[in-house]
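Visitor: Contents of start.cif (mmCIF, C-alpha atoms) are given next:
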```cif
data_my_file
loop_
_atom_site.label_atom_id
_atom_site.label_comp_id
_atom_site.auth_asym_id
_atom_site.auth_seq_id
_atom_site.Cartn_x
_atom_site.Cartn_y
_atom_site.Cartn_z
CA MET F 1 -17.83 46.46 -37.82
CA PRO F 2 -20.91 48.77 -37.62
CA LEU F 3 -20.40 52.33 -36.46
CA SER F 4 -21.95 53.25 -33.14
CA PRO F 5 -24.46 56.11 -33.18
CA PRO F 6 -23.30 59.48 -31.87
CA PRO F 7 -24.07 60.11 -28.20
CA VAL F 8 -27.21 62.08 -27.33
CA ARG F 9 -26.61 64.62 -24.57
CA SER F 10 -28.31 67.60 -23.05
CA LEU F 11 -27.14 70.82 -24.67
CA ALA F 12 -26.12 72.00 -21.21
CA GLU F 13 -23.60 69.11 -21.00
CA VAL F 14 -22.03 69.53 -24.44
CA PRO F 15 -18.51 71.02 -24.37
CA ILE F 16 -17.81 74.35 -26.04
CA GLY F 17 -16.76 73.87 -29.67
CA THR F 18 -18.84 70.71 -30.12
CA SER F 19 -20.96 70.40 -33.24
CA GLY F 20 -23.91 68.14 -33.71
CA THR F 21 -27.52 67.75 -34.75
CA LEU F 22 -30.32 69.21 -32.67
CA ALA F 23 -33.03 67.06 -31.10
CA LEU F 24 -35.74 68.81 -29.08
CA GLY F 25 -35.77 66.52 -26.06
CA GLY F 26 -38.31 67.50 -23.40
CA LEU F 27 -39.13 70.98 -24.65
CA PRO F 28 -42.79 72.09 -24.51
CA ARG F 29 -44.46 72.49 -27.90
CA ALA F 30 -44.83 76.29 -27.64
CA ALA F 31 -41.13 76.70 -26.86
CA ALA F 32 -40.19 74.31 -29.68
CA LEU F 33 -42.25 76.39 -32.13
CA ARG F 34 -40.55 79.61 -30.99
CA LEU F 35 -37.13 78.07 -31.51
CA ALA F 36 -38.15 76.71 -34.92
CA ARG F 37 -38.95 80.27 -36.04
CA VAL F 38 -35.31 81.24 -35.47
CA GLY F 39 -33.87 78.13 -37.11
CA LEU F 40 -33.51 75.70 -34.21
CA ARG F 41 -35.45 72.67 -35.46
CA VAL F 42 -35.00 68.94 -35.08
CA GLY F 43 -32.14 67.97 -37.37
CA ALA F 44 -30.57 71.45 -37.50
CA PRO F 45 -26.77 71.44 -37.39
CA VAL F 46 -25.56 73.39 -34.36
CA THR F 47 -22.25 74.34 -32.79
CA VAL F 48 -21.93 75.33 -29.13
CA LEU F 49 -19.97 78.60 -29.14
CA ALA F 50 -19.96 79.65 -25.48
CA ARG F 51 -21.51 79.38 -22.05
CA THR F 52 -23.38 82.40 -20.71
CA ALA F 53 -22.91 83.79 -17.20
CA GLY F 54 -26.27 82.32 -16.15
CA GLY F 55 -25.46 78.81 -17.38
CA GLY F 56 -27.09 79.13 -20.80
CA ARG F 57 -25.44 78.53 -24.16
CA LEU F 58 -24.64 80.53 -27.27
CA LEU F 59 -25.26 78.43 -30.40
CA ALA F 60 -24.48 78.79 -34.07
CA THR F 61 -26.67 77.33 -36.76
CA GLY F 62 -25.61 78.42 -40.21
CA ALA F 63 -24.95 82.19 -40.07
CA THR F 64 -27.33 82.62 -37.11
CA ARG F 65 -26.20 82.99 -33.50
CA ILE F 66 -28.76 82.23 -30.78
CA GLY F 67 -28.51 82.57 -27.01
CA LEU F 68 -30.46 80.14 -24.84
CA ASP F 69 -31.19 80.27 -21.12
CA ARG F 70 -30.02 77.49 -18.80
CA ASP F 71 -33.42 75.76 -18.52
CA THR F 72 -33.86 75.60 -22.30
CA ALA F 73 -30.29 74.35 -22.76
CA ARG F 74 -30.96 71.56 -20.26
CA ARG F 75 -34.12 70.46 -22.09
CA LEU F 76 -32.62 70.41 -25.61
CA GLU F 77 -30.64 67.41 -26.79
CA VAL F 78 -27.80 67.20 -29.27
CA LEU F 79 -26.52 64.23 -31.25
CA SER F 80 -22.84 65.08 -30.88
CA ALA F 81 -20.57 64.81 -33.87
CA GLY F 82 -17.51 65.98 -31.96
CA ALA F 83 -15.41 69.02 -31.28
CA GLY F 84 -15.03 71.29 -34.26
CA ALA F 85 -16.93 68.88 -36.51
#
```
Let me see whether you can do it: turn the structure in this file into structure tokens.

Guide:
Amino acid sequence: MPLSPPPVRSLAEVPIGTSGTLALGGLPRAAALRLARVGLRVGAPVTVLARTAGGGRLLATGATRIGLDRDTARRLEVLSAGAGA
């Protein structure tokens, strides 16, 4: 039986502790380039560490920790691998 692909969800909807692979979703090119400079590129492994008070997210990618605002978190997509994966 073939495996089903992992679900694609908005980063804002992904539960804390979930790991997955980043997809840029509907992010404008300029914003995508800014994020790429700090390591958030399509295909980057990410883990959602926390929610911020304003509805954003704190992410880990490798040894880097990056905070995103709510609007950016809503526009980014993650191919979820699961909690703690």

Visitor: Applying 12 Å and all atoms listed in the file, which residues near F:Asp71 remain after dropping the ones on its own chain fewer than 4 positions away? List them as a list in words.

Guide: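 Answer for this query is Ser10, Leu11, Ala12, Gly26, Leu27, Pro28, Ala31, Gly54, Gly55, Gly56, Arg57, Gly67, Arg75 and Leu76 of chain F.
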
Visitor: Contacts of F:Arg41 at 10 Å or less, counting all atoms listed in the file, minus same-chain residues fewer than 4 places along, as a list in words?

Guide: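 The neighbour list is Thr21, Leu22, Ala23, Leu24, Ala32, Leu33, Arg34, Leu35, Ala36, Arg37, Pro45 and Val46 of chain F.
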
Visitor: I'd like to see the residues matched by the PyMOL selection byres ((chain F and resi 79) around 7) on this file, and ideally I'd get them as JSON, numbers by chain.

Guide: {"F": [6, 7, 8, 9, 20, 21, 22, 77, 78, 80, 81]}

Visitor: Find the spatial neighbours of F:Ile16, counting only C-alpha atoms, within a cut-off of 10 Å - ignore same-chain residues fewer than 5 positions away - and output them as a list in words.

Guide: Thr47, Val48, Leu49, Ala50, Arg51, Arg57, Leu58, Leu59, Ala83 and Gly84 of chain F

Visitor: Padding of 4 Å on every side, edges along x, y and z, all listed atoms of stretch 23-35 of chain F included: what centre and edge lengths in Å, to one decimal, does that box have, as lines of an AutoDock Vina configuration file?

Guide:
```
center_x = -38.9
center_y = 73.1
center_z = -27.8
size_x = 19.8
size_y = 21.1
size_z = 16.7
```

Visitor: Could you work out how far atom CA of F:Arg65 lies from atom CA of F:Gly39, giving the answer in Å with one decimal?

Guide: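 Result for atom CA of F:Gly39 versus atom CA of F:Arg65: 9.8 Å, one decimal.
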
Visitor: Give me, please, the distance in Å between atom CA of F:Thr52 and atom CA of F:Arg29, quoted to one decimal.

Guide: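 So the two atoms, atom CA of F:Thr52 and atom CA of F:Arg29, lie 24.4 Å apart.
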
Visitor: Can you tell me how far atom CA of F:Thr64 sits from atom CA of F:Pro15, in Å to one decimal?

Guide: 19.4 Å
